[in-house]
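Engineer: Contents are PDB, C-alpha atoms; file name model.pdb:
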MODEL        1
ATOM      1  CA  MET X 852     218.169 141.100-215.045  1.00  0.00           C
ATOM      2  CA  GLU X 853     215.026 139.841-213.387  1.00  0.00           C
ATOM      3  CA  GLU X 854     214.005 136.195-213.491  1.00  0.00           C
ATOM      4  CA  LYS X 855     210.997 136.909-215.699  1.00  0.00           C
ATOM      5  CA  GLN X 856     213.128 138.656-218.310  1.00  0.00           C
ATOM      6  CA  ILE X 857     215.550 135.740-218.359  1.00  0.00           C
ATOM      7  CA  ILE X 858     212.692 133.294-218.858  1.00  0.00           C
ATOM      8  CA  ASP X 859     211.391 135.471-221.666  1.00  0.00           C
ATOM      9  CA  LEU X 860     214.778 135.167-223.366  1.00  0.00           C
ATOM     10  CA  TYR X 861     214.453 131.371-223.215  1.00  0.00           C
ATOM     11  CA  PHE X 862     211.013 131.645-224.755  1.00  0.00           C
ATOM     12  CA  ALA X 863     212.432 133.869-227.500  1.00  0.00           C
ATOM     13  CA  ARG X 864     215.125 131.202-228.051  1.00  0.00           C
ATOM     14  CA  SER X 865     217.801 133.831-227.490  1.00  0.00           C
ATOM     15  CA  GLU X 866     221.172 132.452-226.449  1.00  0.00           C
ATOM     16  CA  GLN X 867     221.527 135.486-224.252  1.00  0.00           C
ATOM     17  CA  ALA X 868     219.291 133.508-221.880  1.00  0.00           C
ATOM     18  CA  ILE X 869     222.261 131.289-221.032  1.00  0.00           C
ATOM     19  CA  GLN X 870     224.584 134.243-220.480  1.00  0.00           C
ATOM     20  CA  GLU X 871     222.102 135.967-218.206  1.00  0.00           C
ATOM     21  CA  THR X 872     221.393 132.747-216.342  1.00  0.00           C
ATOM     22  CA  ASP X 873     225.092 132.278-215.788  1.00  0.00           C
ATOM     23  CA  ARG X 874     225.522 135.861-214.631  1.00  0.00           C
ATOM     24  CA  LYS X 875     222.699 135.653-212.118  1.00  0.00           C
ATOM     25  CA  TYR X 876     222.785 132.047-210.935  1.00  0.00           C
ATOM     26  CA  GLY X 877     226.153 130.671-212.092  1.00  0.00           C
ATOM     27  CA  SER X 878     227.941 130.957-208.766  1.00  0.00           C
ATOM     28  CA  PHE X 879     224.941 129.509-206.889  1.00  0.00           C
ATOM     29  CA  CYS X 880     224.894 126.446-209.152  1.00  0.00           C
ATOM     30  CA  HIS X 881     228.663 126.102-209.169  1.00  0.00           C
ATOM     31  CA  GLN X 882     228.796 126.112-205.368  1.00  0.00           C
ATOM     32  CA  ILE X 883     226.211 123.322-205.155  1.00  0.00           C
ATOM     33  CA  ALA X 884     228.157 121.210-207.639  1.00  0.00           C
ATOM     34  CA  TYR X 885     231.467 121.983-205.961  1.00  0.00           C
ATOM     35  CA  ASN X 886     230.162 121.005-202.508  1.00  0.00           C
ATOM     36  CA  ILE X 887     229.367 117.615-203.995  1.00  0.00           C
ATOM     37  CA  LEU X 888     232.268 117.093-206.365  1.00  0.00           C
ATOM     38  CA  PHE X 889     235.169 119.082-204.907  1.00  0.00           C
ATOM     39  CA  SER X 890     236.391 119.694-208.434  1.00  0.00           C
ATOM     40  CA  HIS X 891     236.066 122.947-210.330  1.00  0.00           C
ATOM     41  CA  PRO X 892     236.249 121.388-213.827  1.00  0.00           C
ATOM     42  CA  ASP X 893     233.612 118.765-212.947  1.00  0.00           C
ATOM     43  CA  SER X 894     231.451 121.445-211.335  1.00  0.00           C
ATOM     44  CA  GLU X 895     231.783 123.623-214.420  1.00  0.00           C
ATOM     45  CA  GLU X 896     230.579 120.754-216.593  1.00  0.00           C
ATOM     46  CA  CYS X 897     227.611 120.150-214.305  1.00  0.00           C
ATOM     47  CA  VAL X 898     226.656 123.805-214.474  1.00  0.00           C
ATOM     48  CA  ASN X 899     226.926 123.814-218.268  1.00  0.00           C
ATOM     49  CA  ASP X 900     224.793 120.673-218.409  1.00  0.00           C
ATOM     50  CA  THR X 901     222.298 122.436-216.162  1.00  0.00           C
ATOM     51  CA  TYR X 902     222.014 125.290-218.664  1.00  0.00           C
ATOM     52  CA  LEU X 903     221.581 122.830-221.514  1.00  0.00           C
ATOM     53  CA  LYS X 904     218.807 121.066-219.637  1.00  0.00           C
ATOM     54  CA  ALA X 905     217.128 124.384-218.870  1.00  0.00           C
ATOM     55  CA  TRP X 906     217.424 125.374-222.540  1.00  0.00           C
ATOM     56  CA  ASN X 907     215.752 122.119-223.560  1.00  0.00           C
ATOM     57  CA  VAL X 908     212.759 122.392-221.229  1.00  0.00           C
ATOM     58  CA  ILE X 909     212.078 126.149-221.301  1.00  0.00           C
ATOM     59  CA  PRO X 910     209.746 126.520-223.149  1.00  0.00           C
ATOM     60  CA  PRO X 911     207.255 125.037-222.603  1.00  0.00           C
ATOM     61  CA  LYS X 912     208.128 124.931-218.923  1.00  0.00           C
ATOM     62  CA  ARG X 913     208.140 128.254-217.098  1.00  0.00           C
ATOM     63  CA  PRO X 914     209.891 127.440-213.814  1.00  0.00           C
ATOM     64  CA  HIS X 915     209.482 129.625-210.779  1.00  0.00           C
ATOM     65  CA  PRO X 916     211.627 130.263-208.891  1.00  0.00           C
ATOM     66  CA  LEU X 917     214.234 129.773-211.602  1.00  0.00           C
ATOM     67  CA  LYS X 918     217.050 129.725-209.077  1.00  0.00           C
ATOM     68  CA  VAL X 919     215.641 126.719-207.243  1.00  0.00           C
ATOM     69  CA  PHE X 920     214.798 124.986-210.520  1.00  0.00           C
ATOM     70  CA  LEU X 921     218.403 125.347-211.697  1.00  0.00           C
ATOM     71  CA  GLY X 922     219.779 124.363-208.305  1.00  0.00           C
ATOM     72  CA  LYS X 923     217.764 121.143-208.306  1.00  0.00           C
ATOM     73  CA  ILE X 924     219.054 120.209-211.746  1.00  0.00           C
ATOM     74  CA  THR X 925     222.633 120.960-210.749  1.00  0.00           C
ATOM     75  CA  ARG X 926     222.314 118.987-207.535  1.00  0.00           C
ATOM     76  CA  ASN X 927     220.997 115.929-209.342  1.00  0.00           C
ATOM     77  CA  LEU X 928     223.587 116.107-212.093  1.00  0.00           C
ATOM     78  CA  ALA X 929     226.359 116.523-209.536  1.00  0.00           C
ATOM     79  CA  LEU X 930     225.118 113.618-207.405  1.00  0.00           C
ATOM     80  CA  ASP X 931     224.955 111.417-210.500  1.00  0.00           C
ATOM     81  CA  ARG X 932     228.482 112.433-211.399  1.00  0.00           C
ATOM     82  CA  TRP X 933     229.576 111.862-207.794  1.00  0.00           C
ATOM     83  CA  ASP X 934     228.187 108.330-208.082  1.00  0.00           C
ATOM     84  CA  TRP X 935     230.202 107.809-211.219  1.00  0.00           C
ATOM     85  CA  ASN X 936     233.338 109.338-209.704  1.00  0.00           C
ATOM     86  CA  ASN X 937     232.895 107.339-206.559  1.00  0.00           C
ATOM     87  CA  ALA X 938     232.598 104.135-208.547  1.00  0.00           C
ATOM     88  CA  ALA X 939     235.898 105.074-210.122  1.00  0.00           C
ATOM     89  CA  LYS X 940     237.280 105.845-206.639  1.00  0.00           C
ATOM     90  CA  ARG X 941     237.559 109.523-207.353  1.00  0.00           C
ATOM     91  CA  GLY X 942     234.814 110.676-205.000  1.00  0.00           C
ATOM     92  CA  GLY X 943     235.060 113.513-202.531  1.00  0.00           C
ATOM     93  CA  GLY X 944     233.294 116.570-201.277  1.00  0.00           C
ATOM     94  CA  GLU X 945     230.668 116.728-198.606  1.00  0.00           C
ATOM     95  CA  VAL X 946     228.563 113.842-199.879  1.00  0.00           C
ATOM     96  CA  THR X 947     230.371 111.109-197.987  1.00  0.00           C
ATOM     97  CA  ALA X 948     230.146 112.995-194.714  1.00  0.00           C
ATOM     98  CA  SER X 949     226.483 113.836-195.324  1.00  0.00           C
ATOM     99  CA  LEU X 950     225.669 110.226-196.094  1.00  0.00           C
ATOM    100  CA  GLU X 951     227.327 109.080-192.893  1.00  0.00           C
ATOM    101  CA  GLU X 952     225.335 111.615-190.928  1.00  0.00           C
ATOM    102  CA  LEU X 953     222.054 110.720-192.632  1.00  0.00           C
ATOM    103  CA  TRP X 954     222.650 107.055-191.909  1.00  0.00           C
ATOM    104  CA  GLU X 955     221.580 107.909-188.353  1.00  0.00           C
ATOM    105  CA  CYS X 956     218.168 108.933-189.683  1.00  0.00           C
ATOM    106  CA  VAL X 957     217.370 105.692-191.435  1.00  0.00           C
ATOM    107  CA  PRO X 958     215.419 103.679-188.892  1.00  0.00           C
ATOM    108  CA  SER X 959     215.838 100.335-190.551  1.00  0.00           C
ATOM    109  CA  PRO X 960     218.140  98.798-193.105  1.00  0.00           C
ATOM    110  CA  MET X 961     215.144  97.812-195.223  1.00  0.00           C
ATOM    111  CA  GLY X 962     212.762 100.623-194.364  1.00  0.00           C
ATOM    112  CA  LEU X 963     212.919 103.224-197.070  1.00  0.00           C
ATOM    113  CA  ASP X 964     213.184 100.840-199.985  1.00  0.00           C
ATOM    114  CA  GLN X 965     210.229  98.705-199.108  1.00  0.00           C
ATOM    115  CA  ILE X 966     207.783 101.027-197.456  1.00  0.00           C
ATOM    116  CA  LEU X 967     207.993 104.306-199.281  1.00  0.00           C
ATOM    117  CA  GLU X 968     208.382 105.353-202.840  1.00  0.00           C
ATOM    118  CA  ARG X 969     210.477 108.462-203.326  1.00  0.00           C
ATOM    119  CA  ARG X 970     207.410 110.627-203.840  1.00  0.00           C
ATOM    120  CA  GLU X 971     205.953 109.508-200.538  1.00  0.00           C
ATOM    121  CA  LEU X 972     209.269 109.997-198.837  1.00  0.00           C
ATOM    122  CA  VAL X 973     209.463 113.549-200.202  1.00  0.00           C
ATOM    123  CA  LYS X 974     205.942 114.153-198.903  1.00  0.00           C
ATOM    124  CA  THR X 975     206.968 112.892-195.492  1.00  0.00           C
ATOM    125  CA  LEU X 976     210.082 115.053-195.555  1.00  0.00           C
ATOM    126  CA  ASN X 977     208.027 118.122-196.477  1.00  0.00           C
ATOM    127  CA  ALA X 978     205.692 117.479-193.567  1.00  0.00           C
ATOM    128  CA  PHE X 979     208.653 117.041-191.249  1.00  0.00           C
ATOM    129  CA  LEU X 980     210.340 120.211-192.473  1.00  0.00           C
ATOM    130  CA  GLY X 981     207.093 122.135-192.062  1.00  0.00           C
ATOM    131  CA  ARG X 982     207.086 121.309-188.356  1.00  0.00           C
ATOM    132  CA  LEU X 983     210.615 122.536-187.762  1.00  0.00           C
ATOM    133  CA  PRO X 984     211.548 126.004-186.557  1.00  0.00           C
ATOM    134  CA  GLU X 985     212.788 128.073-189.494  1.00  0.00           C
ATOM    135  CA  GLU X 986     216.373 128.153-188.243  1.00  0.00           C
ATOM    136  CA  SER X 987     216.604 124.382-187.900  1.00  0.00           C
ATOM    137  CA  ARG X 988     215.011 123.862-191.312  1.00  0.00           C
ATOM    138  CA  LYS X 989     217.402 126.250-193.022  1.00  0.00           C
ATOM    139  CA  VAL X 990     220.461 124.731-191.364  1.00  0.00           C
ATOM    140  CA  PHE X 991     219.286 121.191-192.154  1.00  0.00           C
ATOM    141  CA  LEU X 992     218.710 121.991-195.812  1.00  0.00           C
ATOM    142  CA  ARG X 993     221.924 123.975-196.110  1.00  0.00           C
ATOM    143  CA  ARG X 994     223.710 120.827-194.948  1.00  0.00           C
ATOM    144  CA  TYR X 995     221.754 118.122-196.779  1.00  0.00           C
ATOM    145  CA  TRP X 996     220.321 119.936-199.796  1.00  0.00           C
ATOM    146  CA  ASN X 997     223.182 122.317-200.484  1.00  0.00           C
ATOM    147  CA  LEU X 998     225.785 119.912-199.033  1.00  0.00           C
ATOM    148  CA  SER X 999     227.560 122.830-197.389  1.00  0.00           C
ATOM    149  CA  PRO X1000     230.280 122.274-194.806  1.00  0.00           C
ATOM    150  CA  VAL X1001     229.372 123.209-191.228  1.00  0.00           C
ATOM    151  CA  LYS X1002     231.819 126.121-191.285  1.00  0.00           C
ATOM    152  CA  GLU X1003     230.119 127.656-194.319  1.00  0.00           C
ATOM    153  CA  ILE X1004     226.670 127.175-192.784  1.00  0.00           C
ATOM    154  CA  ALA X1005     227.764 128.909-189.594  1.00  0.00           C
ATOM    155  CA  SER X1006     229.193 131.816-191.536  1.00  0.00           C
ATOM    156  CA  PHE X1007     226.181 132.110-193.860  1.00  0.00           C
ATOM    157  CA  TYR X1008     223.627 132.308-191.075  1.00  0.00           C
ATOM    158  CA  GLY X1009     225.789 134.088-188.515  1.00  0.00           C
ATOM    159  CA  LEU X1010     225.790 131.146-186.101  1.00  0.00           C
ATOM    160  CA  SER X1011     228.595 129.418-184.228  1.00  0.00           C
ATOM    161  CA  GLU X1012     229.803 126.115-185.624  1.00  0.00           C
ATOM    162  CA  SER X1013     228.872 124.370-182.388  1.00  0.00           C
ATOM    163  CA  LYS X1014     225.320 125.688-182.666  1.00  0.00           C
ATOM    164  CA  VAL X1015     225.078 124.442-186.247  1.00  0.00           C
ATOM    165  CA  LYS X1016     226.330 121.009-185.199  1.00  0.00           C
ATOM    166  CA  MET X1017     223.864 120.922-182.327  1.00  0.00           C
ATOM    167  CA  LEU X1018     220.936 121.941-184.559  1.00  0.00           C
ATOM    168  CA  LEU X1019     221.910 119.308-187.107  1.00  0.00           C
ATOM    169  CA  MET X1020     222.167 116.593-184.497  1.00  0.00           C
ATOM    170  CA  ARG X1021     218.795 117.479-182.975  1.00  0.00           C
ATOM    171  CA  THR X1022     217.156 117.653-186.387  1.00  0.00           C
ATOM    172  CA  ARG X1023     218.589 114.294-187.455  1.00  0.00           C
ATOM    173  CA  ASN X1024     217.304 112.747-184.238  1.00  0.00           C
ATOM    174  CA  ALA X1025     213.912 114.357-184.772  1.00  0.00           C
ATOM    175  CA  LEU X1026     213.831 113.116-188.363  1.00  0.00           C
ATOM    176  CA  ARG X1027     214.626 109.600-187.288  1.00  0.00           C
ATOM    177  CA  GLU X1028     211.819 109.711-184.744  1.00  0.00           C
ATOM    178  CA  TYR X1029     209.446 111.205-187.308  1.00  0.00           C
ATOM    179  CA  LEU X1030     210.247 108.557-189.901  1.00  0.00           C
ATOM    180  CA  GLU X1031     209.677 105.856-187.294  1.00  0.00           C
ATOM    181  CA  GLN X1032     206.419 107.473-186.242  1.00  0.00           C
ATOM    182  CA  GLU X1033     205.306 107.657-189.870  1.00  0.00           C
ATOM    183  CA  GLY X1034     205.945 103.967-190.259  1.00  0.00           C
ATOM    184  CA  VAL X1035     209.210 104.059-192.131  1.00  0.00           C
ATOM    185  CA  VAL X1036     210.270 100.995-190.208  1.00  0.00           C
ATOM    186  CA  VAL X1037     210.086  97.336-191.149  1.00  0.00           C
TER     187      VAL X1037
ATOM    188  CA  MET U 365     222.262 102.367-199.567  1.00  0.00           C
ATOM    189  CA  LYS U 366     219.215 103.858-197.821  1.00  0.00           C
ATOM    190  CA  GLU U 367     220.847 107.052-196.622  1.00  0.00           C
ATOM    191  CA  LYS U 368     221.586 107.811-200.278  1.00  0.00           C
ATOM    192  CA  GLN U 369     217.877 107.533-201.057  1.00  0.00           C
ATOM    193  CA  LEU U 370     217.247 109.992-198.276  1.00  0.00           C
ATOM    194  CA  LEU U 371     219.862 112.369-199.664  1.00  0.00           C
ATOM    195  CA  TYR U 372     218.274 112.204-203.132  1.00  0.00           C
ATOM    196  CA  ALA U 373     214.774 112.640-201.699  1.00  0.00           C
ATOM    197  CA  ILE U 374     215.873 115.761-199.816  1.00  0.00           C
ATOM    198  CA  GLY U 375     216.674 117.182-203.241  1.00  0.00           C
ATOM    199  CA  TRP U 376     212.960 117.250-204.089  1.00  0.00           C
ATOM    200  CA  VAL U 377     211.501 118.993-201.072  1.00  0.00           C
ATOM    201  CA  LYS U 378     209.317 122.079-201.517  1.00  0.00           C
ATOM    202  CA  ASP U 379     210.825 124.931-203.501  1.00  0.00           C
ATOM    203  CA  ALA U 380     209.781 127.359-200.776  1.00  0.00           C
ATOM    204  CA  TYR U 381     212.027 125.616-198.256  1.00  0.00           C
ATOM    205  CA  ILE U 382     214.974 125.703-200.626  1.00  0.00           C
ATOM    206  CA  GLU U 383     214.391 129.345-201.411  1.00  0.00           C
ATOM    207  CA  GLU U 384     214.196 130.065-197.694  1.00  0.00           C
ATOM    208  CA  MET U 385     217.507 128.267-197.189  1.00  0.00           C
ATOM    209  CA  THR U 386     219.235 130.535-199.693  1.00  0.00           C
ATOM    210  CA  GLN U 387     218.458 133.622-197.612  1.00  0.00           C
ATOM    211  CA  PRO U 388     221.318 134.516-195.264  1.00  0.00           C
ATOM    212  CA  GLY U 389     220.489 134.958-191.599  1.00  0.00           C
ATOM    213  CA  ASN U 390     220.808 138.089-189.532  1.00  0.00           C
ATOM    214  CA  ARG U 391     224.358 138.177-188.299  1.00  0.00           C
ATOM    215  CA  ARG U 392     223.302 139.430-184.890  1.00  0.00           C
ATOM    216  CA  ARG U 393     219.879 139.115-183.449  1.00  0.00           C
ATOM    217  CA  ALA U 394     218.358 142.033-181.604  1.00  0.00           C
ATOM    218  CA  GLY U 395     219.500 142.052-178.016  1.00  0.00           C
ATOM    219  CA  ALA U 396     222.515 139.851-178.598  1.00  0.00           C
ATOM    220  CA  SER U 397     225.766 141.265-177.345  1.00  0.00           C
ATOM    221  CA  ARG U 398     229.387 140.307-177.862  1.00  0.00           C
ATOM    222  CA  ALA U 399     229.938 139.578-174.213  1.00  0.00           C
ATOM    223  CA  GLY U 400     226.657 137.859-173.688  1.00  0.00           C
ATOM    224  CA  GLY U 401     226.924 134.947-176.090  1.00  0.00           C
ATOM    225  CA  CYS U 402     224.482 132.293-175.131  1.00  0.00           C
ATOM    226  CA  GLY U 403     226.475 129.325-176.461  1.00  0.00           C
TER     227      GLY U 403
ENDMDL
END
Transcribe the structure of this file into structure tokens.

Structural biologist:
Amino acid sequence: MEEKQIIDLYFARSEQAIQETDRKYGSFCHQIAYNILFSHPDSEECVNDTYLKAWNVIPPKRPHPLKVFLGKITRNLALDRWDWNNAAKRGGGEVTASLEELWECVPSPMGLDQILERRELVKTLNAFLGRLPEESRKVFLRRYWNLSPVKEIASFYGLSESKVKMLLMRTRNALREYLEQEGVVV
Amino acid sequence: MKEKQLLYAIGWVKDAYIEEMTQPGNRRRAGASRAGGCG
């Protein structure tokens, strides 16, 4: 079923909307949650919560693309749950590794908090991403948006793992420089 | 933890970039050969 038809089902308040959403985007959402949580039951709950959230906002919202809209919800729910799990010392997945890698991009211990609000930071990130070659941008987001392991990224894009690691390292260095250049430094 | 802020902020980048990310790459680019991997 096409995205528009699925959205129409939400607007008609048909519960088939959830079934069709799950059929078309369930594995995409589950993979995002699983990359973060490393737990199928927790991921399943996140995906179900994603559907509930979608059900509650559509209508009036008519998201496009629906896939990205759902993925963003899942990612946020999973990160929130990861926070909770981590506080209870049950954390896992790719988040810890990603955080360690991103630490290299933060130019100053006080920078992001004090200088930029999240919205401004997102704007800066969008500008940075827009300057990147497509391949670097896709690999970077596959790692830090999708939280995919390097091996999966390499397989997905048909690249070697060493190339993925190299692209990630170069992009992190470039991001650090860009954030410094944009004044994200105390 | 500032890197966590960065991780969350990455979640809100343009939809077009995320959509682009979900498209698999070409397994082999034109002209690439098995023996001639460029590393």

Engineer: Have a look at X:Gln870, X:Gln1032, X:Ser999, X:Asn977 and name the one nearest to chain U; count all atoms listed in the file.

Structural biologist: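 Under the stated criterion, the closest residue is X:Asn977.
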
Engineer: Identify all residues satisfying the ChimeraX specification (/X :<8) & /U in the given file; provide them as a PyMOL selection string.

Structural biologist: chain U and resi 366-379+381-386+388-392+403

Engineer: Could you please take those selected residues and save C-alpha atoms as a PDB file, keeping the file's coordinate frame?

Structural biologist:
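Here's the written file result-v6.pdb:
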ATOM      1  CA  LYS U 366     219.215 103.858-197.821  1.00  0.00           C
ATOM      2  CA  GLU U 367     220.847 107.052-196.622  1.00  0.00           C
ATOM      3  CA  LYS U 368     221.586 107.811-200.278  1.00  0.00           C
ATOM      4  CA  GLN U 369     217.877 107.533-201.057  1.00  0.00           C
ATOM      5  CA  LEU U 370     217.247 109.992-198.276  1.00  0.00           C
ATOM      6  CA  LEU U 371     219.862 112.369-199.664  1.00  0.00           C
ATOM      7  CA  TYR U 372     218.274 112.204-203.132  1.00  0.00           C
ATOM      8  CA  ALA U 373     214.774 112.640-201.699  1.00  0.00           C
ATOM      9  CA  ILE U 374     215.873 115.761-199.816  1.00  0.00           C
ATOM     10  CA  GLY U 375     216.674 117.182-203.241  1.00  0.00           C
ATOM     11  CA  TRP U 376     212.960 117.250-204.089  1.00  0.00           C
ATOM     12  CA  VAL U 377     211.501 118.993-201.072  1.00  0.00           C
ATOM     13  CA  LYS U 378     209.317 122.079-201.517  1.00  0.00           C
ATOM     14  CA  ASP U 379     210.825 124.931-203.501  1.00  0.00           C
ATOM     15  CA  TYR U 381     212.027 125.616-198.256  1.00  0.00           C
ATOM     16  CA  ILE U 382     214.974 125.703-200.626  1.00  0.00           C
ATOM     17  CA  GLU U 383     214.391 129.345-201.411  1.00  0.00           C
ATOM     18  CA  GLU U 384     214.196 130.065-197.694  1.00  0.00           C
ATOM     19  CA  MET U 385     217.507 128.267-197.189  1.00  0.00           C
ATOM     20  CA  THR U 386     219.235 130.535-199.693  1.00  0.00           C
ATOM     21  CA  PRO U 388     221.318 134.516-195.264  1.00  0.00           C
ATOM     22  CA  GLY U 389     220.489 134.958-191.599  1.00  0.00           C
ATOM     23  CA  ASN U 390     220.808 138.089-189.532  1.00  0.00           C
ATOM     24  CA  ARG U 391     224.358 138.177-188.299  1.00  0.00           C
ATOM     25  CA  ARG U 392     223.302 139.430-184.890  1.00  0.00           C
ATOM     26  CA  GLY U 403     226.475 129.325-176.461  1.00  0.00           C
TER      27      GLY U 403
END

Engineer: Could you spell out the hits of the PyMOL selection byres ((chain X and resi 900-905) around 10) on the shown file, as number ranges by chain?

Structural biologist: X: 858, 861, 868-870, 872-873, 877, 880, 894-899, 906-910, 912-914, 917, 920-929

Engineer: Can you work out the spacing between atom CA of Ser987 of chain X and atom CA of Arg932 of chain X in Å, to one decimal?

Structural biologist: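 One can read the atom CA of Ser987 of chain X to atom CA of Arg932 of chain X distance as 28.9 Å.
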
Engineer: Work out how far atom CA of Lys875 of chain X is from atom CA of Glu854 of chain X, in Å to one decimal.

Structural biologist: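 Straight-line distance from atom CA of Glu854 of chain X to atom CA of Lys875 of chain X works out to 8.8 Å.
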
Engineer: What gap, in Å, lies between atom CA of Phe979 of chain X and atom CA of Tyr876 of chain X?

Structural biologist: 28.5 Å

Engineer: Could you put an axis-aligned box around every listed atom of segment 989-999 of chain X, padded by 8 Å on each side, and send me its centre and edge lengths in Å to one decimal, as lines of an AutoDock Vina configuration file?

Structural biologist:
center_x = 222.5
center_y = 122.2
center_z = -195.9
size_x = 26.2
size_y = 24.1
size_z = 25.1
